[in-house]
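**Student:** Dropping in run_23.tsv, with TSV, C-alpha atoms.
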chain	number	residue	atom	x	y	z
A	1231	MET	CA	-0.88	-12.50	28.07
A	1232	LYS	CA	-0.27	-14.37	24.81
A	1233	ARG	CA	-3.95	-14.79	24.02
A	1234	TRP	CA	-4.39	-11.02	23.95
A	1235	ILE	CA	-1.92	-10.48	21.14
A	1236	PRO	CA	-4.39	-11.02	18.25
A	1237	LEU	CA	-6.88	-8.69	19.91
A	1238	LEU	CA	-4.14	-6.09	20.32
A	1239	VAL	CA	-3.11	-6.36	16.66
A	1240	PHE	CA	-6.77	-6.08	15.69
A	1241	ALA	CA	-7.22	-2.96	17.82
A	1242	VAL	CA	-4.17	-1.30	16.24
A	1243	LEU	CA	-5.50	-2.08	12.74
A	1244	VAL	CA	-8.95	-0.72	13.63
A	1245	GLY	CA	-7.22	2.42	14.91
A	1246	PHE	CA	-5.44	2.94	11.58
A	1247	PHE	CA	-8.58	2.25	9.53
A	1248	ALA	CA	-10.69	4.58	11.67
A	1249	LYS	CA	-8.17	7.36	11.18
A	1250	GLY	CA	-8.03	6.68	7.45
A	1251	LEU	CA	-11.80	6.68	7.16
A	1252	PHE	CA	-12.06	10.20	8.46
A	1253	LEU	CA	-9.24	11.71	6.42
A	1254	ASN	CA	-10.36	13.76	3.45
A	1255	PRO	CA	-8.61	12.46	0.30
A	1256	ARG	CA	-9.37	15.76	-1.48
A	1257	GLU	CA	-7.17	17.65	0.99
A	1258	VAL	CA	-3.99	17.08	-0.96
A	1259	PRO	CA	-1.17	18.88	0.84
A	1260	SER	CA	-0.04	21.75	-1.36
A	1261	PRO	CA	3.69	21.97	-2.09
A	1262	PHE	CA	3.27	25.75	-2.39
A	1263	ILE	CA	2.83	26.61	1.29
A	1264	GLY	CA	5.69	28.94	2.25
A	1265	LYS	CA	6.67	29.49	-1.38
A	1266	PRO	CA	6.14	32.57	-3.57
A	1267	ALA	CA	2.87	32.66	-5.49
A	1268	PRO	CA	3.67	31.78	-9.15
A	1269	ALA	CA	3.79	34.89	-11.32
A	1270	PHE	CA	1.35	35.38	-14.18
A	1271	SER	CA	-0.27	38.14	-16.14
A	1272	LEU	CA	-3.84	37.69	-17.35
A	1273	PRO	CA	-6.49	39.96	-18.85
A	1274	LEU	CA	-9.33	40.93	-16.54
A	1275	VAL	CA	-12.97	40.04	-16.89
A	1276	ALA	CA	-14.90	43.30	-17.14
A	1277	ILE	CA	-16.80	43.81	-13.91
A	1278	GLY	CA	-18.08	47.11	-12.53
A	1279	ASN	CA	-15.48	49.71	-13.37
A	1280	THR	CA	-12.54	47.61	-14.63
A	1281	GLU	CA	-11.15	48.94	-17.87
A	1282	ALA	CA	-11.25	46.76	-20.91
A	1283	ASN	CA	-7.92	45.02	-21.68
A	1284	ALA	CA	-6.52	45.73	-18.21
A	1285	ALA	CA	-4.23	43.00	-16.91
A	1286	PHE	CA	-3.68	41.51	-13.49
A	1287	SER	CA	-0.50	40.09	-12.04
A	1288	PRO	CA	0.07	38.90	-8.44
A	1289	ALA	CA	2.88	41.48	-8.17
A	1290	ASP	CA	0.15	44.16	-8.21
A	1291	MET	CA	-0.90	42.99	-4.75
A	1292	LYS	CA	2.53	43.41	-3.09
A	1293	GLY	CA	2.18	44.89	0.37
A	1294	LYS	CA	-1.31	43.47	0.87
A	1295	VAL	CA	-2.56	40.25	2.33
A	1296	TRP	CA	-5.04	38.87	-0.20
A	1297	LEU	CA	-7.06	35.84	-1.15
A	1298	LEU	CA	-6.84	34.10	-4.51
A	1299	ASN	CA	-10.13	32.31	-5.05
A	1300	VAL	CA	-10.13	29.94	-8.03
A	1301	TRP	CA	-13.67	29.63	-9.34
A	1302	ALA	CA	-15.63	29.06	-12.52
A	1303	PRO	CA	-19.11	29.88	-13.76
A	1304	TRP	CA	-19.75	26.18	-14.47
A	1305	CYS	CA	-18.79	25.13	-10.96
A	1306	VAL	CA	-21.70	24.21	-8.72
A	1307	SER	CA	-20.03	24.52	-5.33
A	1308	CYS	CA	-18.75	27.96	-6.37
A	1309	ARG	CA	-22.39	29.08	-6.55
A	1310	GLN	CA	-22.82	27.77	-3.05
A	1311	GLU	CA	-19.75	29.68	-1.93
A	1312	HIS	CA	-20.73	32.90	-3.70
A	1313	PRO	CA	-23.02	34.42	-1.01
A	1314	VAL	CA	-20.38	33.70	1.65
A	1315	LEU	CA	-17.76	35.55	-0.41
A	1316	MET	CA	-20.22	38.40	-0.96
A	1317	GLY	CA	-20.58	38.70	2.79
A	1318	LEU	CA	-16.81	38.57	3.31
A	1319	ALA	CA	-16.21	41.28	0.72
A	1320	GLN	CA	-18.48	43.52	2.82
A	1321	SER	CA	-17.43	42.55	6.32
A	1322	GLN	CA	-13.63	42.26	6.18
A	1323	PRO	CA	-10.79	44.19	4.56
A	1324	VAL	CA	-8.84	41.41	2.82
A	1325	PRO	CA	-9.31	41.74	-0.98
A	1326	ILE	CA	-10.45	38.66	-2.86
A	1327	VAL	CA	-9.12	38.03	-6.35
A	1328	GLY	CA	-11.28	35.59	-8.30
A	1329	LEU	CA	-9.34	33.59	-10.88
A	1330	ASN	CA	-11.91	32.69	-13.54
A	1331	TRP	CA	-10.72	29.18	-14.43
A	1332	LYS	CA	-11.43	27.60	-17.82
A	1333	ASP	CA	-14.54	29.63	-18.53
A	1334	LYS	CA	-15.00	28.30	-22.06
A	1335	ASP	CA	-18.56	29.53	-22.36
A	1336	ARG	CA	-17.52	33.09	-21.42
A	1337	GLU	CA	-20.17	33.45	-18.76
A	1338	ALA	CA	-18.26	35.10	-15.93
A	1339	ALA	CA	-18.98	38.76	-16.71
A	1340	GLN	CA	-22.70	38.21	-17.11
A	1341	LEU	CA	-22.92	36.00	-14.03
A	1342	LEU	CA	-21.13	38.50	-11.82
A	1343	ALA	CA	-23.23	41.36	-13.19
A	1344	GLN	CA	-26.34	39.40	-12.33
A	1345	HIS	CA	-25.44	38.12	-8.87
A	1346	GLY	CA	-22.90	40.68	-7.74
A	1347	SER	CA	-19.14	40.34	-7.57
A	1348	PRO	CA	-17.22	39.75	-4.34
A	1349	TYR	CA	-13.96	40.19	-6.24
A	1350	ALA	CA	-11.50	43.04	-6.42
A	1351	PHE	CA	-10.18	41.62	-9.69
A	1352	VAL	CA	-11.22	38.74	-11.91
A	1353	PRO	CA	-8.24	37.50	-13.97
A	1354	ASP	CA	-9.37	35.37	-16.89
A	1355	ASP	CA	-7.56	32.01	-17.11
A	1356	LEU	CA	-9.21	30.62	-20.21
A	1357	SER	CA	-6.63	27.92	-20.98
A	1358	GLY	CA	-6.41	26.84	-17.35
A	1359	LYS	CA	-2.63	27.08	-17.39
A	1360	VAL	CA	-2.34	29.47	-14.47
A	1361	GLY	CA	-4.58	27.15	-12.46
A	1362	ILE	CA	-2.20	24.28	-13.23
A	1363	ASP	CA	0.74	26.47	-12.15
A	1364	TYR	CA	-0.98	26.88	-8.80
A	1365	GLY	CA	-1.68	23.14	-8.50
A	1366	VAL	CA	-5.43	23.53	-8.77
A	1367	THR	CA	-7.26	20.21	-8.87
A	1368	GLY	CA	-10.83	21.46	-8.84
A	1369	THR	CA	-12.81	24.58	-8.11
A	1370	PRO	CA	-13.27	26.23	-5.71
A	1371	GLU	CA	-9.86	26.52	-4.11
A	1372	THR	CA	-8.63	29.49	-2.12
A	1373	TYR	CA	-5.09	30.61	-1.39
A	1374	VAL	CA	-4.04	33.03	1.34
A	1375	ILE	CA	-1.13	35.13	0.08
A	1376	ASP	CA	0.83	37.42	2.38
A	1377	LYS	CA	2.31	40.90	1.95
A	1378	ASP	CA	5.50	39.51	0.41
A	1379	GLY	CA	3.61	37.39	-2.12
A	1380	ILE	CA	4.20	34.11	-0.24
A	1381	ILE	CA	1.40	31.51	-0.21
A	1382	ARG	CA	0.58	30.84	3.44
A	1383	MET	CA	-2.46	28.60	3.22
A	1384	LYS	CA	-4.62	26.74	0.75
A	1385	HIS	CA	-8.19	25.67	1.24
A	1386	ILE	CA	-9.81	23.12	-1.06
A	1387	GLY	CA	-13.59	23.27	-1.45
A	1388	PRO	CA	-16.14	25.99	-0.75
A	1389	ILE	CA	-15.63	28.40	2.11
A	1390	GLY	CA	-18.47	28.26	4.63
A	1391	PRO	CA	-18.90	30.40	7.72
A	1392	GLU	CA	-17.27	27.76	9.97
A	1393	VAL	CA	-14.30	27.22	7.67
A	1394	TRP	CA	-13.80	30.97	7.56
A	1395	LYS	CA	-13.88	31.27	11.32
A	1396	GLU	CA	-11.72	28.26	12.12
A	1397	LYS	CA	-9.23	28.28	9.27
A	1398	PHE	CA	-9.03	31.70	7.66
A	1399	GLU	CA	-9.52	34.12	10.54
A	1400	PRO	CA	-6.63	32.79	12.69
A	1401	LYS	CA	-4.32	32.71	9.64
A	1402	LEU	CA	-5.21	36.25	8.58
A	1403	LYS	CA	-4.77	37.50	12.12
A	1404	GLU	CA	-1.32	35.89	12.21
A	1405	LEU	CA	-0.47	37.73	8.98
A	1406	GLY	CA	-1.44	41.03	10.53
A	1407	THR	CA	-4.73	42.11	8.99
B	199	MET	CA	-36.14	-4.48	-10.25
B	200	LYS	CA	-35.68	-3.06	-13.71
B	201	SER	CA	-33.77	-0.09	-12.42
B	202	LEU	CA	-31.58	-2.42	-10.38
B	203	LEU	CA	-30.74	-4.38	-13.53
B	204	ILE	CA	-29.95	-1.18	-15.40
B	205	THR	CA	-27.74	-0.03	-12.55
B	206	LEU	CA	-25.90	-3.34	-12.61
B	207	PHE	CA	-25.41	-3.21	-16.37
B	208	LEU	CA	-24.13	0.31	-16.10
B	209	ALA	CA	-21.79	-0.61	-13.28
B	210	PHE	CA	-20.22	-3.40	-15.30
B	211	SER	CA	-20.11	-1.52	-18.54
B	212	ALA	CA	-17.98	1.22	-17.01
B	213	PRO	CA	-14.62	-0.31	-18.00
B	214	ALA	CA	-15.75	-0.30	-21.64
B	215	TRP	CA	-15.49	3.44	-21.97
B	216	ALA	CA	-12.79	4.06	-19.38
B	217	GLY	CA	-10.21	3.27	-22.02
B	218	GLU	CA	-6.81	4.73	-22.61
B	219	ALA	CA	-6.28	8.27	-23.69
B	220	THR	CA	-7.08	8.50	-27.38
B	221	PRO	CA	-3.80	8.26	-29.27
B	222	ASN	CA	-2.81	11.37	-31.07
B	223	ALA	CA	-1.78	10.51	-34.59
B	224	GLU	CA	0.27	13.66	-34.85
B	225	ASP	CA	3.33	12.16	-33.25
B	226	PRO	CA	2.97	8.52	-32.20
B	227	VAL	CA	6.40	8.41	-30.54
B	228	ILE	CA	5.65	11.30	-28.18
B	229	GLU	CA	2.14	9.96	-27.63
B	230	GLN	CA	3.52	6.59	-26.56
B	231	ARG	CA	6.07	8.26	-24.27
B	232	MET	CA	3.33	10.43	-22.77
B	233	ILE	CA	1.05	7.45	-22.11
B	234	ASN	CA	3.87	5.40	-20.59
B	235	LEU	CA	4.65	8.25	-18.23
B	236	ALA	CA	1.03	9.14	-17.49
B	237	GLU	CA	0.26	5.57	-16.46
B	238	ASP	CA	2.43	6.04	-13.40
B	239	LEU	CA	0.83	9.37	-12.53
B	240	ARG	CA	-2.31	9.94	-10.55
B	241	CYS	CA	-5.25	11.91	-11.88
B	242	LEU	CA	-5.90	14.63	-9.31
B	243	VAL	CA	-9.64	14.63	-9.93
B	244	CYS	CA	-10.56	10.94	-9.92
B	245	GLN	CA	-7.81	9.93	-7.59
B	246	ASN	CA	-7.80	6.21	-8.25
B	247	GLU	CA	-7.37	6.60	-11.97
B	248	SER	CA	-4.12	7.18	-13.75
B	249	LEU	CA	-3.51	10.33	-15.70
B	250	ALA	CA	-3.43	8.17	-18.85
B	251	GLY	CA	-6.83	6.60	-18.29
B	252	SER	CA	-8.80	9.49	-16.84
B	253	HIS	CA	-11.44	11.41	-18.73
B	254	ALA	CA	-11.42	14.33	-16.32
B	255	GLU	CA	-10.86	17.64	-18.01
B	256	LEU	CA	-7.87	18.44	-15.82
B	257	ALA	CA	-6.29	15.13	-16.85
B	258	GLU	CA	-6.75	16.06	-20.50
B	259	ASP	CA	-5.11	19.42	-19.85
B	260	LEU	CA	-2.22	17.78	-18.05
B	261	ARG	CA	-1.74	15.24	-20.81
B	262	ARG	CA	-1.62	18.08	-23.31
B	263	GLU	CA	0.91	19.85	-21.10
B	264	ILE	CA	3.08	16.71	-20.90
B	265	ARG	CA	2.85	16.28	-24.66
B	266	GLU	CA	3.89	19.89	-25.25
B	267	GLN	CA	6.80	19.67	-22.86
B	268	MET	CA	8.01	16.46	-24.49
B	269	LYS	CA	7.78	18.12	-27.88
B	270	ALA	CA	9.86	20.96	-26.47
B	271	GLY	CA	12.54	18.37	-25.73
B	272	LYS	CA	12.14	17.82	-22.00
B	273	ASP	CA	12.94	14.35	-20.71
B	274	ASP	CA	10.64	12.30	-18.48
B	275	LYS	CA	12.39	13.40	-15.31
B	276	GLN	CA	11.89	17.07	-16.09
B	277	VAL	CA	8.21	16.51	-16.86
B	278	VAL	CA	7.70	14.64	-13.59
B	279	ALA	CA	9.49	17.45	-11.75
B	280	TYR	CA	7.13	19.95	-13.39
B	281	LEU	CA	4.15	18.03	-12.02
B	282	THR	CA	5.50	17.37	-8.52
B	283	GLU	CA	6.41	21.05	-8.15
B	284	ARG	CA	2.71	21.81	-8.57
B	285	TYR	CA	0.89	18.82	-7.14
B	286	GLY	CA	3.42	17.30	-4.76
B	287	ASP	CA	4.46	13.64	-4.51
B	288	PHE	CA	0.76	12.83	-4.39
B	289	VAL	CA	0.71	12.82	-8.18
B	290	LEU	CA	3.18	9.91	-8.28
B	291	TYR	CA	1.95	6.35	-7.99
B	292	ARG	CA	5.54	5.42	-7.10
B	293	PRO	CA	6.52	7.82	-4.34
B	294	PRO	CA	10.24	8.64	-4.06
B	295	PHE	CA	12.42	6.94	-1.45
B	296	LYS	CA	13.01	9.58	1.25
B	297	PRO	CA	12.73	9.81	5.04
B	298	VAL	CA	8.93	10.17	5.17
B	299	THR	CA	8.47	7.18	2.87
B	300	TYR	CA	11.04	4.85	4.46
B	301	LEU	CA	8.31	3.02	6.36
B	302	LEU	CA	6.22	2.74	3.21
B	303	TRP	CA	9.00	1.18	1.16
B	304	LEU	CA	10.67	-0.85	3.90
B	305	GLY	CA	7.50	-1.82	5.80
B	306	PRO	CA	6.97	-5.06	3.82
B	307	LEU	CA	10.57	-6.13	4.57
B	308	LEU	CA	9.98	-5.32	8.23
B	309	PHE	CA	6.93	-7.56	8.30
B	310	LEU	CA	8.75	-10.31	6.40
B	311	GLY	CA	11.51	-10.17	9.04
B	312	LEU	CA	8.92	-10.32	11.81
B	313	GLY	CA	7.24	-13.34	10.23
B	314	LEU	CA	10.57	-15.13	9.67
B	315	SER	CA	11.63	-14.62	13.27
B	316	VAL	CA	8.31	-15.96	14.60
B	317	TRP	CA	8.69	-18.96	12.30
B	318	PHE	CA	12.27	-19.54	13.38
B	319	LEU	CA	11.43	-19.28	17.10
B	320	THR	CA	8.52	-21.68	16.72
B	321	LEU	CA	10.72	-24.24	14.97
B	322	LYS	CA	13.38	-23.88	17.62
B	323	ARG	CA	10.92	-24.38	20.43
B	324	ARG	CA	9.39	-27.40	18.71
B	325	ARG	CA	12.83	-28.99	18.32
B	326	ALA	CA	13.47	-28.48	21.99
B	327	LEU	CA	10.42	-30.64	22.87
B	328	LYS	CA	11.48	-34.09	24.05
B	329	ASP	CA	9.78	-37.35	23.20
B	330	VAL	CA	7.82	-38.62	26.14
B	331	PRO	CA	8.36	-42.39	26.45
B	332	LEU	CA	5.08	-44.29	26.60
B	333	ASP	CA	4.48	-47.31	28.75
B	334	GLU	CA	2.51	-50.35	27.59
B	335	LYS	CA	-0.65	-49.17	29.25
B	336	LYS	CA	-0.68	-45.85	27.45
B	337	ILE	CA	0.03	-47.49	24.11
B	338	ALA	CA	-2.90	-49.82	24.62
B	339	ALA	CA	-5.15	-46.92	25.55
B	340	ALA	CA	-4.08	-45.03	22.45
B	341	ALA	CA	-4.70	-48.05	20.21
B	342	GLN	CA	-8.14	-48.43	21.69
B	343	LEU	CA	-8.93	-44.80	21.05
B	344	LEU	CA	-7.80	-45.12	17.46
B	345	ASP	CA	-9.84	-48.25	16.88
B	346	GLU	CA	-12.99	-46.74	18.22
B	347	LYS	CA	-15.74	-45.51	15.98
Kindly transcribe the structure held in the file into structure tokens.
**Tutor:**
Amino acid sequence: MKRWIPLLVFAVLVGFFAKGLFLNPREVPSPFIGKPAPAFSLPLVAIGNTEANAAFSPADMKGKVWLLNVWAPWCVSCRQEHPVLMGLAQSQPVPIVGLNWKDKDREAAQLLAQHGSPYAFVPDDLSGKVGIDYGVTGTPETYVIDKDGIIRMKHIGPIGPEVWKEKFEPKLKELGT
Amino acid sequence: MKSLLITLFLAFSAPAWAGEATPNAEDPVIEQRMINLAEDLRCLVCQNESLAGSHAELAEDLRREIREQMKAGKDDKQVVAYLTERYGDFVLYRPPFKPVTYLLWLGPLLFLGLGLSVWFLTLKRRRALKDVPLDEKKIAAAAQLLDEK
């Protein structure tokens, strides 16, 4: 019996390391889940038929389940995510709000005009302060916000078809959309 | 070969530019306070760097935010609370002592206790061993074995 103890300890350690190896360190648990989405009011990027100088605030979305997608024109994986969002804007009813984060080069309007916009609104967070208020660490990140303005889920990284099916669809169903 | 050398040089030169946040001459007292605090905070982008040492843009923004809040008269605790509200305990290099972190903080003591008890038991067992008296024959055999070689 005694001779097996080192092997047992070794096996337990290997178990911990194996688990640790497959955890994603980017998936930082968000302290916002179950809490109200922080309030803000930002000017909108002009896309399609938005009026100039119009503002957006999360309170405008009360009564709707919606997605807050934090993106930026300079962000490479946002480009990768863009066609998926375009498809989602067509195929499902949940509106997507695209927070334009730290767009110093002011490219968002042109980019969305060129490639199409999956967004219902594009609030313009030039200083990045609203992003910080939402605990954004890097783009893209997507929040699911319910009818009462409570954050119910956060996804870090681009949304792909599988992520949408496995993570978003069940959550949205649960929220009654 | 050449590219390997270049890679190596680059790898070892990294610490040269990964210096501290550039001091802001505007208010050295606040700057020092900010750096002291930021050294114990994790950069959310390059997770193994501190907020003080990171060159990530988000780290720069957060340092600016800390600076502004300190200028507005907030103490270190309030600034840390501002960050943990947004980024969770993950941003702290020294996580708080609370039920989920009990094992983290007390684990080393637990292992020390385990080691001490193994040590103690071993000593006790060794003391319990009795001397086995040797007869002449065995002593002679031992002497012969020692003399060999």
**Student:** Please check the contacts: residues of chain A at most 9 Å away from chain B, using all atoms listed in the file, listed as a list in words.
**Tutor:** Pro1255, Arg1256, Val1258, Pro1259, Ser1260, Pro1261, Phe1262, Ser1357, Gly1358, Lys1359, Ile1362, Asp1363, Tyr1364, Gly1365, Val1366, Thr1367 and Gly1368 of chain A
**Student:** Kindly provide, as a list in words, the polymer residues lying within 10 Å of (-3.3, 41.7, 0.3), counting all atoms listed in the file and using the coordinates exactly as they appear in the file.
**Tutor:**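 The distance filter leaves exactly Pro1288, Asp1290, Met1291, Lys1292, Gly1293, Lys1294, Val1295, Trp1296, Leu1297, Leu1298, Pro1323, Val1324, Pro1325, Ile1326, Val1327, Val1374, Ile1375, Asp1376, Lys1377, Asp1378, Gly1379, Leu1405 and Thr1407 of chain A.
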**Student:** Take atom CA of Ala1276 of chain A and atom CA of Lys1384 of chain A and report the distance between them in Å, one decimal.
**Tutor:**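 Going from atom CA of Ala1276 of chain A over to atom CA of Lys1384 of chain A covers 26.5 Å.
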**Student:** Which residue gives the smallest distance to Asn1299 of chain A among A:Lys1265, A:Lys1232, A:His1385, A:His1345, with all atoms listed in the file counted?
**Tutor:**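 Closest candidate: A:His1385.
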**Student:** Write out as a list in words the residues lying within 7 Å of Leu1274 of chain A, counting only C-alpha atoms and excluding same-chain residues fewer than 4 positions away.
**Tutor:**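 Near Leu1274 of chain A, the qualifying residues are Asn1283, Ala1284, Ala1285, Phe1286, Phe1351, Val1352, Pro1353 and Asp1354 of chain A.
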**Student:** Using Å and a single decimal, report how far atom CA of Leu1318 of chain A sits from atom CA of Leu1272 of chain A.
**Tutor:**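 That distance, rounded to one decimal, is 24.4 Å.
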**Student:** Go through A:Leu1329, A:Met1383, A:Val1300, A:Val1242 and flag the residue nearest Phe1398 of chain A, using all atoms listed in the file for the distances.
**Tutor:**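 For Phe1398 of chain A, the nearest of the candidates is A:Met1383.
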**Student:** Atom CA of Ser1321 of chain A and atom CA of Ser1271 of chain A are how many Å apart?
**Tutor:**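 So the answer is 28.6 Å.
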**Student:** Would you fill out segment 225-255 of chain B with N, CA and C atoms and return it as an mmCIF file, in the frame of the given file?
**Tutor:**
data_model
loop_
_atom_site.group_PDB
_atom_site.id
_atom_site.type_symbol
_atom_site.label_atom_id
_atom_site.label_comp_id
_atom_site.auth_asym_id
_atom_site.auth_seq_id
_atom_site.Cartn_x
_atom_site.Cartn_y
_atom_site.Cartn_z
ATOM 1 N N ASP B 225 1.987 12.637 -33.522
ATOM 2 C CA ASP B 225 3.330 12.160 -33.250
ATOM 3 C C ASP B 225 3.266 10.924 -32.355
ATOM 4 N N PRO B 226 3.191 9.748 -32.983
ATOM 5 C CA PRO B 226 2.970 8.520 -32.200
ATOM 6 C C PRO B 226 4.072 8.250 -31.171
ATOM 7 N N VAL B 227 5.295 8.684 -31.461
ATOM 8 C CA VAL B 227 6.400 8.410 -30.540
ATOM 9 C C VAL B 227 6.187 9.170 -29.231
ATOM 10 N N ILE B 228 5.901 10.467 -29.355
ATOM 11 C CA ILE B 228 5.650 11.300 -28.180
ATOM 12 C C ILE B 228 4.414 10.813 -27.458
ATOM 13 N N GLU B 229 3.386 10.425 -28.243
ATOM 14 C CA GLU B 229 2.140 9.960 -27.630
ATOM 15 C C GLU B 229 2.405 8.725 -26.771
ATOM 16 N N GLN B 230 3.219 7.798 -27.309
ATOM 17 C CA GLN B 230 3.520 6.590 -26.560
ATOM 18 C C GLN B 230 4.312 6.935 -25.284
ATOM 19 N N ARG B 231 5.260 7.837 -25.430
ATOM 20 C CA ARG B 231 6.070 8.260 -24.270
ATOM 21 C C ARG B 231 5.166 8.885 -23.215
ATOM 22 N N MET B 232 4.228 9.739 -23.684
ATOM 23 C CA MET B 232 3.330 10.430 -22.770
ATOM 24 C C MET B 232 2.467 9.414 -22.028
ATOM 25 N N ILE B 233 1.927 8.425 -22.754
ATOM 26 C CA ILE B 233 1.050 7.450 -22.110
ATOM 27 C C ILE B 233 1.825 6.597 -21.122
ATOM 28 N N ASN B 234 3.041 6.182 -21.509
ATOM 29 C CA ASN B 234 3.870 5.400 -20.590
ATOM 30 C C ASN B 234 4.092 6.152 -19.285
ATOM 31 N N LEU B 235 4.377 7.438 -19.413
ATOM 32 C CA LEU B 235 4.650 8.250 -18.230
ATOM 33 C C LEU B 235 3.358 8.472 -17.437
ATOM 34 N N ALA B 236 2.291 8.782 -18.151
ATOM 35 C CA ALA B 236 1.030 9.140 -17.490
ATOM 36 C C ALA B 236 0.415 7.963 -16.751
ATOM 37 N N GLU B 237 0.806 6.726 -17.146
ATOM 38 C CA GLU B 237 0.260 5.570 -16.460
ATOM 39 C C GLU B 237 0.741 5.476 -15.033
ATOM 40 N N ASP B 238 1.887 6.060 -14.753
ATOM 41 C CA ASP B 238 2.430 6.040 -13.400
ATOM 42 C C ASP B 238 2.077 7.292 -12.625
ATOM 43 N N LEU B 239 1.202 8.127 -13.198
ATOM 44 C CA LEU B 239 0.830 9.370 -12.530
ATOM 45 C C LEU B 239 -0.643 9.331 -12.165
ATOM 46 N N ARG B 240 -0.945 9.977 -11.050
ATOM 47 C CA ARG B 240 -2.310 9.940 -10.550
ATOM 48 C C ARG B 240 -3.109 11.112 -11.116
ATOM 49 N N CYS B 241 -4.349 10.825 -11.501
ATOM 50 C CA CYS B 241 -5.250 11.910 -11.880
ATOM 51 C C CYS B 241 -5.706 12.576 -10.595
ATOM 52 N N LEU B 242 -5.603 13.920 -10.554
ATOM 53 C CA LEU B 242 -5.900 14.630 -9.310
ATOM 54 C C LEU B 242 -7.397 14.724 -9.056
ATOM 55 N N VAL B 243 -8.193 14.478 -10.087
ATOM 56 C CA VAL B 243 -9.640 14.630 -9.930
ATOM 57 C C VAL B 243 -10.276 13.303 -9.504
ATOM 58 N N CYS B 244 -10.063 12.258 -10.335
ATOM 59 C CA CYS B 244 -10.560 10.940 -9.920
ATOM 60 C C CYS B 244 -9.328 10.196 -9.436
ATOM 61 N N GLN B 245 -9.130 10.237 -8.143
ATOM 62 C CA GLN B 245 -7.810 9.930 -7.590
ATOM 63 C C GLN B 245 -7.349 8.499 -7.769
ATOM 64 N N ASN B 246 -8.254 7.574 -8.079
ATOM 65 C CA ASN B 246 -7.800 6.210 -8.250
ATOM 66 C C ASN B 246 -7.609 5.833 -9.706
ATOM 67 N N GLU B 247 -7.651 6.846 -10.561
ATOM 68 C CA GLU B 247 -7.370 6.600 -11.970
ATOM 69 C C GLU B 247 -6.010 7.184 -12.307
ATOM 70 N N SER B 248 -5.397 6.605 -13.342
ATOM 71 C CA SER B 248 -4.120 7.180 -13.750
ATOM 72 C C SER B 248 -4.394 8.363 -14.666
ATOM 73 N N LEU B 249 -3.385 9.161 -14.837
ATOM 74 C CA LEU B 249 -3.510 10.330 -15.700
ATOM 75 C C LEU B 249 -3.738 9.879 -17.152
ATOM 76 N N ALA B 250 -3.266 8.665 -17.482
ATOM 77 C CA ALA B 250 -3.430 8.170 -18.850
ATOM 78 C C ALA B 250 -4.874 7.746 -19.089
ATOM 79 N N GLY B 251 -5.523 7.189 -18.079
ATOM 80 C CA GLY B 251 -6.830 6.600 -18.290
ATOM 81 C C GLY B 251 -7.986 7.508 -17.946
ATOM 82 N N SER B 252 -7.716 8.654 -17.352
ATOM 83 C CA SER B 252 -8.800 9.490 -16.840
ATOM 84 C C SER B 252 -9.426 10.363 -17.918
ATOM 85 N N HIS B 253 -10.730 10.534 -17.804
ATOM 86 C CA HIS B 253 -11.440 11.410 -18.730
ATOM 87 C C HIS B 253 -11.701 12.781 -18.129
ATOM 88 N N ALA B 254 -11.203 13.028 -16.944
ATOM 89 C CA ALA B 254 -11.420 14.330 -16.320
ATOM 90 C C ALA B 254 -10.770 15.407 -17.178
ATOM 91 N N GLU B 255 -11.370 16.574 -17.166
ATOM 92 C CA GLU B 255 -10.860 17.640 -18.010
ATOM 93 C C GLU B 255 -9.441 18.049 -17.611
#
